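Next up, data.txt (compact mmCIF, C-alpha atoms):
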# COMPACT_ATOMS: atom_id res chain seq x y z
CA MET A 294 53.41 80.33 93.48
CA THR A 295 56.96 80.89 92.43
CA PRO A 296 58.10 84.45 91.74
CA GLU A 297 58.13 83.64 88.02
CA GLN A 298 54.52 82.41 88.18
CA GLU A 299 53.43 85.51 90.10
CA LYS A 300 55.13 87.70 87.51
CA PHE A 301 53.43 85.79 84.69
CA VAL A 302 49.99 86.21 86.31
CA PHE A 303 50.60 89.89 87.06
CA GLU A 304 51.67 90.54 83.46
CA ARG A 305 48.50 88.92 82.14
CA VAL A 306 46.33 91.08 84.39
CA GLN A 307 48.34 94.22 83.50
CA SER A 308 47.99 93.49 79.78
CA GLY A 309 44.21 93.58 80.11
CA GLN A 310 43.78 89.97 79.03
CA TYR A 311 42.17 89.22 82.39
CA LYS A 312 40.24 91.30 84.90
CA GLY A 313 42.16 89.99 87.87
CA VAL A 314 44.28 87.26 89.36
CA ASP A 315 41.21 85.10 89.98
CA ASP A 316 40.38 85.15 86.26
CA VAL A 317 43.88 83.96 85.37
CA ILE A 318 43.71 81.17 87.94
CA ASP A 319 40.20 80.16 86.85
CA PHE A 320 41.37 79.95 83.25
CA ALA A 321 44.42 77.94 84.28
CA PHE A 322 42.21 75.44 86.10
CA GLN A 323 39.90 75.17 83.09
CA LEU A 324 42.90 74.33 80.92
CA LEU A 325 44.14 71.81 83.49
CA GLU A 326 40.73 70.10 83.55
CA LYS A 327 40.66 69.92 79.74
CA TYR A 328 44.21 68.58 79.68
CA GLU A 329 43.42 65.85 82.22
CA LEU A 330 40.20 64.88 80.41
CA LYS A 331 42.08 64.60 77.11
CA LYS A 332 44.79 62.58 78.82
CA ARG A 333 42.21 60.12 80.18
CA GLU A 334 40.55 59.89 76.76
CA ASP A 335 43.92 59.22 75.12
CA GLU A 336 44.73 56.53 77.69
CA LEU A 337 41.35 54.88 77.06
CA LYS A 338 41.91 54.98 73.30
CA GLN A 339 45.33 53.39 73.73
CA LYS A 340 43.80 50.67 75.91
CA VAL A 341 41.14 49.93 73.29
CA ILE A 342 43.76 49.90 70.52
CA GLU A 343 45.89 47.46 72.51
CA GLU A 344 42.89 45.19 73.16
CA VAL A 345 42.03 45.17 69.46
CA ARG A 346 45.68 44.51 68.58
CA GLN A 347 45.69 41.52 70.93
CA LYS A 348 42.47 40.15 69.45
CA VAL A 349 43.89 40.50 65.94
CA LEU A 350 47.01 38.59 67.02
CA VAL A 351 44.83 35.82 68.49
CA GLY A 352 42.82 35.71 65.27
CA MET A 353 45.97 35.53 63.16
CA GLU A 354 47.27 32.67 65.29
CA ASP A 355 43.92 30.88 64.91
CA ILE A 356 44.29 31.22 61.13
CA ARG A 357 47.84 29.84 61.26
CA GLN A 358 46.61 26.91 63.32
CA GLY A 359 43.77 26.23 60.89
CA ARG A 360 41.06 27.13 63.40
CA VAL A 361 38.85 28.93 60.91
CA VAL A 362 35.28 28.73 59.66
CA ASP A 363 34.22 29.57 56.13
CA GLY A 364 32.67 33.04 56.16
CA GLU A 365 29.78 32.02 53.92
CA VAL A 366 28.86 29.23 56.36
CA VAL A 367 28.86 31.71 59.24
CA PHE A 368 26.61 34.14 57.38
CA GLU A 369 24.23 31.33 56.41
CA GLN A 370 24.01 30.29 60.06
CA LEU A 371 23.37 33.89 61.11
CA GLN A 372 20.63 34.24 58.49
CA GLU A 373 18.98 31.03 59.71
CA CYS A 374 19.16 32.19 63.30
CA LEU A 375 17.68 35.60 62.45
CA SER A 376 14.95 34.01 60.37
CA LYS A 377 14.08 31.61 63.21
CA LYS A 378 13.98 34.50 65.72
CA SER A 379 11.72 36.49 63.39
CA GLN A 380 9.38 33.52 63.02
CA GLU A 381 9.29 33.03 66.81
CA ARG A 382 8.47 36.71 67.37
CA PHE A 383 5.75 36.61 64.72
CA ALA A 384 4.24 33.49 66.29
CA LEU A 385 4.34 35.15 69.72
CA LEU A 386 2.54 38.22 68.37
CA LEU A 387 -0.12 36.05 66.73
CA SER A 388 -0.65 34.12 69.97
CA GLN A 389 -1.36 37.38 71.79
CA LEU A 390 -4.12 38.46 69.40
CA PRO A 391 -7.69 38.16 70.69
Since I need it in another form, could you write the structure as structure tokens?
Amino acid sequence: MTPEQEKFVFERVQSGQYKGVDDVIDFAFQLLEKYELKKREDELKQKVIEEVRQKVLVGMEDIRQGRVVDGEVVFEQLQECLSKKSQERFALLLSQLP
């Protein structure tokens, strides 16, 4: 440690905030771990934000190029698909009955 760091640690112990040098160092490491964890979380958030931003740009370009599907048509197709899956599951359950 630098003389300034040693002085800082000594002052903290002398003030009664910490029982000893080890307590100051332990606390410093805890803060460092929290800082690094937050930094990784922030980097991950930024990565996700950038990925979403890129997908939005692709979607906007698709709209400009006319590559779109009517939302109501999509939801109708989803409903049909879900209904068909439900019917298939029901038929499977019935086929397993004694």
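The coordinates place atom CA of Val317 of chain A at 7.5 Å from atom CA of Arg305 of chain A.
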Q. Within 12 Å of Val302 of chain A, counting only C-alpha atoms, which residues qualify if same-chain residues fewer than 4 places away don't, as JSON, numbers by chain?
A. {"A": [294, 295, 296, 297, 298, 306, 307, 308, 309, 310, 311, 312, 313, 314, 315, 316, 317, 318, 319, 320, 321]}
Q | Between atom CA of Phe301 of chain A and atom CA of Phe322 of chain A, distance in Å (one decimal) | A |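 So the answer is 15.3 Å.
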